[in-house]
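Pasted below: input_21.cif, mmCIF, N, CA and C atoms.
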data_protein
#
loop_
_atom_site.group_PDB
_atom_site.id
_atom_site.type_symbol
_atom_site.label_atom_id
_atom_site.label_comp_id
_atom_site.auth_asym_id
_atom_site.auth_seq_id
_atom_site.Cartn_x
_atom_site.Cartn_y
_atom_site.Cartn_z
ATOM 1 N N MET W 20 0.811 -1.174 0.000
ATOM 2 C CA MET W 20 0.000 0.000 0.000
ATOM 3 C C MET W 20 0.868 1.255 0.000
ATOM 4 N N LYS W 21 2.002 1.196 0.669
ATOM 5 C CA LYS W 21 2.888 2.364 0.686
ATOM 6 C C LYS W 21 3.340 2.732 -0.714
ATOM 7 N N GLN W 22 3.655 1.724 -1.511
ATOM 8 C CA GLN W 22 4.157 1.974 -2.861
ATOM 9 C C GLN W 22 3.101 2.609 -3.753
ATOM 10 N N THR W 23 1.833 2.303 -3.516
ATOM 11 C CA THR W 23 0.763 2.834 -4.361
ATOM 12 C C THR W 23 0.110 4.073 -3.774
ATOM 13 N N GLY W 24 0.391 4.369 -2.503
ATOM 14 C CA GLY W 24 -0.208 5.526 -1.852
ATOM 15 C C GLY W 24 -1.675 5.332 -1.518
ATOM 16 N N LYS W 25 -2.133 4.101 -1.472
ATOM 17 C CA LYS W 25 -3.535 3.800 -1.180
ATOM 18 C C LYS W 25 -3.739 3.624 0.322
ATOM 19 N N SER W 26 -4.899 4.076 0.799
ATOM 20 C CA SER W 26 -5.218 3.921 2.218
ATOM 21 C C SER W 26 -5.926 2.591 2.457
ATOM 22 N N GLN W 27 -5.984 2.199 3.711
ATOM 23 C CA GLN W 27 -6.700 0.978 4.075
ATOM 24 C C GLN W 27 -8.176 1.114 3.707
ATOM 25 N N ARG W 28 -8.749 2.280 3.955
ATOM 26 C CA ARG W 28 -10.164 2.503 3.652
ATOM 27 C C ARG W 28 -10.417 2.378 2.149
ATOM 28 N N TRP W 29 -9.529 2.966 1.332
ATOM 29 C CA TRP W 29 -9.671 2.872 -0.121
ATOM 30 C C TRP W 29 -9.596 1.412 -0.558
ATOM 31 N N LEU W 30 -8.623 0.692 -0.014
ATOM 32 C CA LEU W 30 -8.430 -0.704 -0.391
ATOM 33 C C LEU W 30 -9.654 -1.543 -0.019
ATOM 34 N N ALA W 31 -10.227 -1.289 1.149
ATOM 35 C CA ALA W 31 -11.426 -2.013 1.577
ATOM 36 C C ALA W 31 -12.576 -1.741 0.603
ATOM 37 N N ARG W 32 -12.769 -0.484 0.239
ATOM 38 C CA ARG W 32 -13.848 -0.146 -0.703
ATOM 39 C C ARG W 32 -13.598 -0.753 -2.074
ATOM 40 N N ASP W 33 -12.369 -0.693 -2.541
ATOM 41 C CA ASP W 33 -12.047 -1.174 -3.883
ATOM 42 C C ASP W 33 -12.161 -2.691 -4.012
ATOM 43 N N THR W 34 -11.844 -3.403 -2.941
ATOM 44 C CA THR W 34 -11.837 -4.863 -3.003
ATOM 45 C C THR W 34 -13.105 -5.507 -2.455
ATOM 46 N N GLY W 35 -13.850 -4.773 -1.642
ATOM 47 C CA GLY W 35 -15.011 -5.366 -0.985
ATOM 48 C C GLY W 35 -14.640 -6.172 0.249
ATOM 49 N N ILE W 36 -13.376 -6.106 0.643
ATOM 50 C CA ILE W 36 -12.905 -6.795 1.854
ATOM 51 C C ILE W 36 -13.110 -5.833 3.026
ATOM 52 N N ALA W 37 -13.622 -6.341 4.124
ATOM 53 C CA ALA W 37 -13.945 -5.502 5.279
ATOM 54 C C ALA W 37 -12.710 -4.750 5.785
ATOM 55 N N LEU W 38 -12.928 -3.488 6.168
ATOM 56 C CA LEU W 38 -11.839 -2.664 6.685
ATOM 57 C C LEU W 38 -11.123 -3.309 7.875
ATOM 58 N N PRO W 39 -11.840 -3.916 8.839
ATOM 59 C CA PRO W 39 -11.122 -4.579 9.937
ATOM 60 C C PRO W 39 -10.191 -5.700 9.457
ATOM 61 N N THR W 40 -10.564 -6.376 8.381
ATOM 62 C CA THR W 40 -9.713 -7.433 7.815
ATOM 63 C C THR W 40 -8.457 -6.813 7.214
ATOM 64 N N ILE W 41 -8.617 -5.732 6.464
ATOM 65 C CA ILE W 41 -7.465 -5.039 5.879
ATOM 66 C C ILE W 41 -6.549 -4.554 6.995
ATOM 67 N N ASN W 42 -7.141 -3.958 8.034
ATOM 68 C CA ASN W 42 -6.356 -3.452 9.162
ATOM 69 C C ASN W 42 -5.587 -4.568 9.844
ATOM 70 N N ALA W 43 -6.222 -5.716 10.040
ATOM 71 C CA ALA W 43 -5.547 -6.857 10.683
ATOM 72 C C ALA W 43 -4.398 -7.367 9.819
ATOM 73 N N LEU W 44 -4.568 -7.342 8.507
ATOM 74 C CA LEU W 44 -3.482 -7.749 7.605
ATOM 75 C C LEU W 44 -2.296 -6.808 7.736
ATOM 76 N N VAL W 45 -2.576 -5.517 7.772
ATOM 77 C CA VAL W 45 -1.508 -4.521 7.881
ATOM 78 C C VAL W 45 -0.779 -4.655 9.218
ATOM 79 N N ARG W 46 -1.527 -4.876 10.297
ATOM 80 C CA ARG W 46 -0.924 -5.025 11.626
ATOM 81 C C ARG W 46 -0.208 -6.360 11.786
ATOM 82 N N GLY W 47 -0.546 -7.333 10.942
ATOM 83 C CA GLY W 47 0.086 -8.641 11.039
ATOM 84 C C GLY W 47 -0.635 -9.601 11.959
ATOM 85 N N THR W 48 -1.816 -9.221 12.435
ATOM 86 C CA THR W 48 -2.567 -10.128 13.303
ATOM 87 C C THR W 48 -3.381 -11.125 12.489
ATOM 88 N N LYS W 49 -3.534 -10.866 11.203
ATOM 89 C CA LYS W 49 -4.156 -11.817 10.285
ATOM 90 C C LYS W 49 -3.129 -12.079 9.196
ATOM 91 N N THR W 50 -2.813 -13.343 8.994
ATOM 92 C CA THR W 50 -1.765 -13.658 8.023
ATOM 93 C C THR W 50 -2.250 -14.535 6.876
ATOM 94 N N MET W 51 -3.435 -15.095 7.012
ATOM 95 C CA MET W 51 -3.940 -15.976 5.973
ATOM 96 C C MET W 51 -5.085 -15.301 5.224
ATOM 97 N N LEU W 52 -5.077 -15.459 3.914
ATOM 98 C CA LEU W 52 -6.130 -14.921 3.063
ATOM 99 C C LEU W 52 -6.756 -16.044 2.258
ATOM 100 N N THR W 53 -7.999 -15.854 1.864
ATOM 101 C CA THR W 53 -8.588 -16.795 0.925
ATOM 102 C C THR W 53 -8.012 -16.482 -0.460
ATOM 103 N N ILE W 54 -8.134 -17.407 -1.362
ATOM 104 C CA ILE W 54 -7.649 -17.173 -2.719
ATOM 105 C C ILE W 54 -8.372 -15.982 -3.336
ATOM 106 N N ASP W 55 -9.665 -15.886 -3.083
ATOM 107 C CA ASP W 55 -10.452 -14.766 -3.598
ATOM 108 C C ASP W 55 -9.931 -13.437 -3.058
ATOM 109 N N GLN W 56 -9.641 -13.382 -1.753
ATOM 110 C CA GLN W 56 -9.097 -12.159 -1.160
ATOM 111 C C GLN W 56 -7.738 -11.821 -1.749
ATOM 112 N N GLU W 57 -6.884 -12.819 -1.912
ATOM 113 C CA GLU W 57 -5.566 -12.587 -2.511
ATOM 114 C C GLU W 57 -5.701 -11.969 -3.895
ATOM 115 N N GLU W 58 -6.588 -12.546 -4.694
ATOM 116 C CA GLU W 58 -6.765 -12.058 -6.060
ATOM 117 C C GLU W 58 -7.294 -10.627 -6.084
ATOM 118 N N LYS W 59 -8.258 -10.336 -5.224
ATOM 119 C CA LYS W 59 -8.816 -8.982 -5.173
ATOM 120 C C LYS W 59 -7.767 -7.965 -4.731
ATOM 121 N N LEU W 60 -7.010 -8.297 -3.689
ATOM 122 C CA LEU W 60 -5.981 -7.378 -3.202
ATOM 123 C C LEU W 60 -4.892 -7.168 -4.249
ATOM 124 N N ALA W 61 -4.440 -8.238 -4.846
ATOM 125 C CA ALA W 61 -3.381 -8.137 -5.848
ATOM 126 C C ALA W 61 -3.843 -7.288 -7.031
ATOM 127 N N LYS W 62 -5.046 -7.532 -7.506
ATOM 128 C CA LYS W 62 -5.565 -6.763 -8.634
ATOM 129 C C LYS W 62 -5.669 -5.283 -8.275
ATOM 130 N N SER W 63 -6.188 -5.000 -7.111
ATOM 131 C CA SER W 63 -6.364 -3.631 -6.676
ATOM 132 C C SER W 63 -5.038 -2.888 -6.542
ATOM 133 N N LEU W 64 -4.009 -3.600 -6.068
ATOM 134 C CA LEU W 64 -2.699 -2.991 -5.867
ATOM 135 C C LEU W 64 -1.790 -3.101 -7.089
ATOM 136 N N GLY W 65 -2.234 -3.837 -8.102
ATOM 137 C CA GLY W 65 -1.449 -3.969 -9.325
ATOM 138 C C GLY W 65 -0.209 -4.826 -9.175
ATOM 139 N N VAL W 66 -0.336 -5.891 -8.371
ATOM 140 C CA VAL W 66 0.790 -6.814 -8.153
ATOM 141 C C VAL W 66 0.319 -8.250 -8.354
ATOM 142 N N ARG W 67 1.263 -9.175 -8.390
ATOM 143 C CA ARG W 67 0.922 -10.602 -8.429
ATOM 144 C C ARG W 67 0.578 -11.043 -7.000
ATOM 145 N N PRO W 68 -0.318 -12.015 -6.851
ATOM 146 C CA PRO W 68 -0.709 -12.444 -5.502
ATOM 147 C C PRO W 68 0.466 -12.807 -4.595
ATOM 148 N N GLU W 69 1.479 -13.449 -5.138
ATOM 149 C CA GLU W 69 2.618 -13.832 -4.291
ATOM 150 C C GLU W 69 3.411 -12.627 -3.788
ATOM 151 N N GLU W 70 3.259 -11.489 -4.430
ATOM 152 C CA GLU W 70 3.949 -10.273 -3.995
ATOM 153 C C GLU W 70 3.307 -9.658 -2.755
ATOM 154 N N LEU W 71 2.128 -10.134 -2.364
ATOM 155 C CA LEU W 71 1.459 -9.606 -1.197
ATOM 156 C C LEU W 71 2.160 -10.003 0.092
ATOM 157 N N TYR W 72 2.917 -11.075 0.047
ATOM 158 C CA TYR W 72 3.561 -11.603 1.234
ATOM 159 C C TYR W 72 4.994 -11.127 1.359
ATOM 160 N N ASN W 73 5.432 -10.952 2.593
ATOM 161 C CA ASN W 73 6.825 -10.594 2.897
ATOM 162 C C ASN W 73 7.251 -9.241 2.344
ATOM 163 N N GLN W 74 6.325 -8.338 2.142
ATOM 164 C CA GLN W 74 6.667 -7.021 1.645
ATOM 165 C C GLN W 74 7.360 -6.169 2.693
ATOM 166 N N GLY W 75 7.083 -6.432 3.954
ATOM 167 C CA GLY W 75 7.695 -5.637 5.013
ATOM 168 C C GLY W 75 9.053 -6.134 5.446
ATOM 169 N N ARG W 76 9.510 -7.216 4.896
ATOM 170 C CA ARG W 76 10.790 -7.820 5.342
ATOM 171 C C ARG W 76 11.941 -7.394 4.473
#

Write out the structure in this file as structure tokens.
Amino acid sequence: MKQTGKSQRWLARDTGIALPTINALVRGTKTMLTIDQEEKLAKSLGVRPEELYNQGR
């Protein structure tokens, strides 16, 4: 999200994924996504699904 300048709220609206879920992903308290969620997030952020993981490391 930092690379695209998108907010958590924008991402939740764009993907249809609940804001608390997006927030938990960002905080690291939720680490598993469904395939559907991965695809929606990746498409919204313009990355491949595997790029969603380990971005902070």

Legend entry - Residues flagged helix (DSSP H, G or I) by DSSP in chain W, as an NGL selection string: :W and (27-34 or 38-46 or 54-64 or 68-71)

Could those residues be written to a file, using N, CA and C atoms, as a compact mmCIF listing (two decimals), keeping the file's coordinate frame?
# COMPACT_ATOMS: atom_id res chain seq x y z
N GLN W 27 -5.98 2.20 3.71
CA GLN W 27 -6.70 0.98 4.08
C GLN W 27 -8.18 1.11 3.71
N ARG W 28 -8.75 2.28 3.96
CA ARG W 28 -10.16 2.50 3.65
C ARG W 28 -10.42 2.38 2.15
N TRP W 29 -9.53 2.97 1.33
CA TRP W 29 -9.67 2.87 -0.12
C TRP W 29 -9.60 1.41 -0.56
N LEU W 30 -8.62 0.69 -0.01
CA LEU W 30 -8.43 -0.70 -0.39
C LEU W 30 -9.65 -1.54 -0.02
N ALA W 31 -10.23 -1.29 1.15
CA ALA W 31 -11.43 -2.01 1.58
C ALA W 31 -12.58 -1.74 0.60
N ARG W 32 -12.77 -0.48 0.24
CA ARG W 32 -13.85 -0.15 -0.70
C ARG W 32 -13.60 -0.75 -2.07
N ASP W 33 -12.37 -0.69 -2.54
CA ASP W 33 -12.05 -1.17 -3.88
C ASP W 33 -12.16 -2.69 -4.01
N THR W 34 -11.84 -3.40 -2.94
CA THR W 34 -11.84 -4.86 -3.00
C THR W 34 -13.10 -5.51 -2.46
N LEU W 38 -12.93 -3.49 6.17
CA LEU W 38 -11.84 -2.66 6.68
C LEU W 38 -11.12 -3.31 7.88
N PRO W 39 -11.84 -3.92 8.84
CA PRO W 39 -11.12 -4.58 9.94
C PRO W 39 -10.19 -5.70 9.46
N THR W 40 -10.56 -6.38 8.38
CA THR W 40 -9.71 -7.43 7.82
C THR W 40 -8.46 -6.81 7.21
N ILE W 41 -8.62 -5.73 6.46
CA ILE W 41 -7.46 -5.04 5.88
C ILE W 41 -6.55 -4.55 7.00
N ASN W 42 -7.14 -3.96 8.03
CA ASN W 42 -6.36 -3.45 9.16
C ASN W 42 -5.59 -4.57 9.84
N ALA W 43 -6.22 -5.72 10.04
CA ALA W 43 -5.55 -6.86 10.68
C ALA W 43 -4.40 -7.37 9.82
N LEU W 44 -4.57 -7.34 8.51
CA LEU W 44 -3.48 -7.75 7.60
C LEU W 44 -2.30 -6.81 7.74
N VAL W 45 -2.58 -5.52 7.77
CA VAL W 45 -1.51 -4.52 7.88
C VAL W 45 -0.78 -4.66 9.22
N ARG W 46 -1.53 -4.88 10.30
CA ARG W 46 -0.92 -5.03 11.63
C ARG W 46 -0.21 -6.36 11.79
N ILE W 54 -8.13 -17.41 -1.36
CA ILE W 54 -7.65 -17.17 -2.72
C ILE W 54 -8.37 -15.98 -3.34
N ASP W 55 -9.66 -15.89 -3.08
CA ASP W 55 -10.45 -14.77 -3.60
C ASP W 55 -9.93 -13.44 -3.06
N GLN W 56 -9.64 -13.38 -1.75
CA GLN W 56 -9.10 -12.16 -1.16
C GLN W 56 -7.74 -11.82 -1.75
N GLU W 57 -6.88 -12.82 -1.91
CA GLU W 57 -5.57 -12.59 -2.51
C GLU W 57 -5.70 -11.97 -3.90
N GLU W 58 -6.59 -12.55 -4.69
CA GLU W 58 -6.76 -12.06 -6.06
C GLU W 58 -7.29 -10.63 -6.08
N LYS W 59 -8.26 -10.34 -5.22
CA LYS W 59 -8.82 -8.98 -5.17
C LYS W 59 -7.77 -7.96 -4.73
N LEU W 60 -7.01 -8.30 -3.69
CA LEU W 60 -5.98 -7.38 -3.20
C LEU W 60 -4.89 -7.17 -4.25
N ALA W 61 -4.44 -8.24 -4.85
CA ALA W 61 -3.38 -8.14 -5.85
C ALA W 61 -3.84 -7.29 -7.03
N LYS W 62 -5.05 -7.53 -7.51
CA LYS W 62 -5.56 -6.76 -8.63
C LYS W 62 -5.67 -5.28 -8.28
N SER W 63 -6.19 -5.00 -7.11
CA SER W 63 -6.36 -3.63 -6.68
C SER W 63 -5.04 -2.89 -6.54
N LEU W 64 -4.01 -3.60 -6.07
CA LEU W 64 -2.70 -2.99 -5.87
C LEU W 64 -1.79 -3.10 -7.09
N PRO W 68 -0.32 -12.02 -6.85
CA PRO W 68 -0.71 -12.44 -5.50
C PRO W 68 0.47 -12.81 -4.60
N GLU W 69 1.48 -13.45 -5.14
CA GLU W 69 2.62 -13.83 -4.29
C GLU W 69 3.41 -12.63 -3.79
N GLU W 70 3.26 -11.49 -4.43
CA GLU W 70 3.95 -10.27 -4.00
C GLU W 70 3.31 -9.66 -2.76
N LEU W 71 2.13 -10.13 -2.36
CA LEU W 71 1.46 -9.61 -1.20
C LEU W 71 2.16 -10.00 0.09

Legend entry - Test item: the PyMOL selection byres (((chain W and resi 40-46 and name CA) around 10) and name CA) resolved as JSON, numbers by chain: {"W": [20, 26, 27, 28, 30, 31, 34, 36, 37, 38, 39, 47, 48, 49, 50, 51, 52, 60, 75]}

Legend entry - Coordinates-based distance that separates atom CA of W:Lys25 from atom C of W:Gln56 (Å, one decimal):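 If I compute the distance from atom C of W:Gln56 to atom CA of W:Lys25, I get 16.2 Å.
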
Since I can't run it myself right now, could you work out what the PyMOL selection byres (((chain W and resi 58 and name CA) around 12) and name CA) selects here and report it as a JSON list (two decimals) with N, CA and C atoms, in the frame of the given file?
[["chain", "number", "residue", "atom", "x", "y", "z"],
["W", 34, "THR", "N", -11.84, -3.40, -2.94],
["W", 34, "THR", "CA", -11.84, -4.86, -3.00],
["W", 34, "THR", "C", -13.10, -5.51, -2.46],
["W", 35, "GLY", "N", -13.85, -4.77, -1.64],
["W", 35, "GLY", "CA", -15.01, -5.37, -0.98],
["W", 35, "GLY", "C", -14.64, -6.17, 0.25],
["W", 36, "ILE", "N", -13.38, -6.11, 0.64],
["W", 36, "ILE", "CA", -12.90, -6.80, 1.85],
["W", 36, "ILE", "C", -13.11, -5.83, 3.03],
["W", 52, "LEU", "N", -5.08, -15.46, 3.91],
["W", 52, "LEU", "CA", -6.13, -14.92, 3.06],
["W", 52, "LEU", "C", -6.76, -16.04, 2.26],
["W", 53, "THR", "N", -8.00, -15.85, 1.86],
["W", 53, "THR", "CA", -8.59, -16.80, 0.92],
["W", 53, "THR", "C", -8.01, -16.48, -0.46],
["W", 54, "ILE", "N", -8.13, -17.41, -1.36],
["W", 54, "ILE", "CA", -7.65, -17.17, -2.72],
["W", 54, "ILE", "C", -8.37, -15.98, -3.34],
["W", 55, "ASP", "N", -9.66, -15.89, -3.08],
["W", 55, "ASP", "CA", -10.45, -14.77, -3.60],
["W", 55, "ASP", "C", -9.93, -13.44, -3.06],
["W", 56, "GLN", "N", -9.64, -13.38, -1.75],
["W", 56, "GLN", "CA", -9.10, -12.16, -1.16],
["W", 56, "GLN", "C", -7.74, -11.82, -1.75],
["W", 57, "GLU", "N", -6.88, -12.82, -1.91],
["W", 57, "GLU", "CA", -5.57, -12.59, -2.51],
["W", 57, "GLU", "C", -5.70, -11.97, -3.90],
["W", 59, "LYS", "N", -8.26, -10.34, -5.22],
["W", 59, "LYS", "CA", -8.82, -8.98, -5.17],
["W", 59, "LYS", "C", -7.77, -7.96, -4.73],
["W", 60, "LEU", "N", -7.01, -8.30, -3.69],
["W", 60, "LEU", "CA", -5.98, -7.38, -3.20],
["W", 60, "LEU", "C", -4.89, -7.17, -4.25],
["W", 61, "ALA", "N", -4.44, -8.24, -4.85],
["W", 61, "ALA", "CA", -3.38, -8.14, -5.85],
["W", 61, "ALA", "C", -3.84, -7.29, -7.03],
["W", 62, "LYS", "N", -5.05, -7.53, -7.51],
["W", 62, "LYS", "CA", -5.56, -6.76, -8.63],
["W", 62, "LYS", "C", -5.67, -5.28, -8.28],
["W", 63, "SER", "N", -6.19, -5.00, -7.11],
["W", 63, "SER", "CA", -6.36, -3.63, -6.68],
["W", 63, "SER", "C", -5.04, -2.89, -6.54],
["W", 64, "LEU", "N", -4.01, -3.60, -6.07],
["W", 64, "LEU", "CA", -2.70, -2.99, -5.87],
["W", 64, "LEU", "C", -1.79, -3.10, -7.09],
["W", 65, "GLY", "N", -2.23, -3.84, -8.10],
["W", 65, "GLY", "CA", -1.45, -3.97, -9.32],
["W", 65, "GLY", "C", -0.21, -4.83, -9.18],
["W", 66, "VAL", "N", -0.34, -5.89, -8.37],
["W", 66, "VAL", "CA", 0.79, -6.81, -8.15],
["W", 66, "VAL", "C", 0.32, -8.25, -8.35],
["W", 67, "ARG", "N", 1.26, -9.18, -8.39],
["W", 67, "ARG", "CA", 0.92, -10.60, -8.43],
["W", 67, "ARG", "C", 0.58, -11.04, -7.00],
["W", 68, "PRO", "N", -0.32, -12.02, -6.85],
["W", 68, "PRO", "CA", -0.71, -12.44, -5.50],
["W", 68, "PRO", "C", 0.47, -12.81, -4.60],
["W", 69, "GLU", "N", 1.48, -13.45, -5.14],
["W", 69, "GLU", "CA", 2.62, -13.83, -4.29],
["W", 69, "GLU", "C", 3.41, -12.63, -3.79],
["W", 70, "GLU", "N", 3.26, -11.49, -4.43],
["W", 70, "GLU", "CA", 3.95, -10.27, -4.00],
["W", 70, "GLU", "C", 3.31, -9.66, -2.76],
["W", 71, "LEU", "N", 2.13, -10.13, -2.36],
["W", 71, "LEU", "CA", 1.46, -9.61, -1.20],
["W", 71, "LEU", "C", 2.16, -10.00, 0.09]]

Box centre and edge lengths (Å, one decimal), axis-aligned, stretch 58-72 of chain W plus 8 Å each side, as AutoDock Vina command-line options:
--center_x -1.9 --center_y -8.4 --center_z -4.0 --size_x 29.8 --size_y 26.9 --size_z 26.7

Legend entry - Between atom N of W:Tyr72 and atom N of W:Asp33, distance in Å (one decimal):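 Calculated distance between atom N of W:Tyr72 and atom N of W:Asp33 is 18.7 Å.
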
N, CA, C and O atoms are what I want for stretch 32-54 of chain W; can you complete it accordingly and write them as a short mmCIF file (atom, residue, chain, number, x, y, z; two decimals), in the coordinates of the input?
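Output file out-v1.cif follows:
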data_model
loop_
_atom_site.label_atom_id
_atom_site.label_comp_id
_atom_site.auth_asym_id
_atom_site.auth_seq_id
_atom_site.Cartn_x
_atom_site.Cartn_y
_atom_site.Cartn_z
N ARG W 32 -12.77 -0.48 0.24
CA ARG W 32 -13.85 -0.15 -0.70
C ARG W 32 -13.60 -0.75 -2.07
O ARG W 32 -14.51 -1.26 -2.71
N ASP W 33 -12.37 -0.69 -2.54
CA ASP W 33 -12.05 -1.17 -3.88
C ASP W 33 -12.16 -2.69 -4.01
O ASP W 33 -12.53 -3.19 -5.06
N THR W 34 -11.84 -3.40 -2.94
CA THR W 34 -11.84 -4.86 -3.00
C THR W 34 -13.10 -5.51 -2.46
O THR W 34 -13.37 -6.68 -2.74
N GLY W 35 -13.85 -4.77 -1.64
CA GLY W 35 -15.01 -5.37 -0.98
C GLY W 35 -14.64 -6.17 0.25
O GLY W 35 -15.47 -6.85 0.83
N ILE W 36 -13.38 -6.11 0.64
CA ILE W 36 -12.90 -6.80 1.85
C ILE W 36 -13.11 -5.83 3.03
O ILE W 36 -12.80 -4.65 2.93
N ALA W 37 -13.62 -6.34 4.12
CA ALA W 37 -13.94 -5.50 5.28
C ALA W 37 -12.71 -4.75 5.78
O ALA W 37 -11.61 -5.30 5.83
N LEU W 38 -12.93 -3.49 6.17
CA LEU W 38 -11.84 -2.66 6.68
C LEU W 38 -11.12 -3.31 7.88
O LEU W 38 -9.89 -3.28 7.93
N PRO W 39 -11.84 -3.92 8.84
CA PRO W 39 -11.12 -4.58 9.94
C PRO W 39 -10.19 -5.70 9.46
O PRO W 39 -9.13 -5.92 10.03
N THR W 40 -10.56 -6.38 8.38
CA THR W 40 -9.71 -7.43 7.82
C THR W 40 -8.46 -6.81 7.21
O THR W 40 -7.35 -7.30 7.44
N ILE W 41 -8.62 -5.73 6.46
CA ILE W 41 -7.46 -5.04 5.88
C ILE W 41 -6.55 -4.55 7.00
O ILE W 41 -5.33 -4.73 6.94
N ASN W 42 -7.14 -3.96 8.03
CA ASN W 42 -6.36 -3.45 9.16
C ASN W 42 -5.59 -4.57 9.84
O ASN W 42 -4.41 -4.41 10.18
N ALA W 43 -6.22 -5.72 10.04
CA ALA W 43 -5.55 -6.86 10.68
C ALA W 43 -4.40 -7.37 9.82
O ALA W 43 -3.35 -7.77 10.33
N LEU W 44 -4.57 -7.34 8.51
CA LEU W 44 -3.48 -7.75 7.60
C LEU W 44 -2.30 -6.81 7.74
O LEU W 44 -1.14 -7.24 7.80
N VAL W 45 -2.58 -5.52 7.77
CA VAL W 45 -1.51 -4.52 7.88
C VAL W 45 -0.78 -4.66 9.22
O VAL W 45 0.45 -4.57 9.28
N ARG W 46 -1.53 -4.88 10.30
CA ARG W 46 -0.92 -5.03 11.63
C ARG W 46 -0.21 -6.36 11.79
O ARG W 46 0.61 -6.53 12.68
N GLY W 47 -0.55 -7.33 10.94
CA GLY W 47 0.09 -8.64 11.04
C GLY W 47 -0.64 -9.60 11.96
O GLY W 47 -0.13 -10.69 12.24
N THR W 48 -1.82 -9.22 12.44
CA THR W 48 -2.57 -10.13 13.30
C THR W 48 -3.38 -11.12 12.49
O THR W 48 -3.87 -12.11 13.03
N LYS W 49 -3.53 -10.87 11.20
CA LYS W 49 -4.16 -11.82 10.28
C LYS W 49 -3.13 -12.08 9.20
O LYS W 49 -2.64 -11.15 8.56
N THR W 50 -2.81 -13.34 8.99
CA THR W 50 -1.76 -13.66 8.02
C THR W 50 -2.25 -14.54 6.88
O THR W 50 -1.54 -14.69 5.89
N MET W 51 -3.44 -15.10 7.01
CA MET W 51 -3.94 -15.98 5.97
C MET W 51 -5.08 -15.30 5.22
O MET W 51 -5.93 -14.67 5.83
N LEU W 52 -5.08 -15.46 3.91
CA LEU W 52 -6.13 -14.92 3.06
C LEU W 52 -6.76 -16.04 2.26
O LEU W 52 -6.10 -17.04 1.97
N THR W 53 -8.00 -15.85 1.86
CA THR W 53 -8.59 -16.80 0.92
C THR W 53 -8.01 -16.48 -0.46
O THR W 53 -7.48 -15.39 -0.69
N ILE W 54 -8.13 -17.41 -1.36
CA ILE W 54 -7.65 -17.17 -2.72
C ILE W 54 -8.37 -15.98 -3.34
O ILE W 54 -7.76 -15.14 -3.99
#
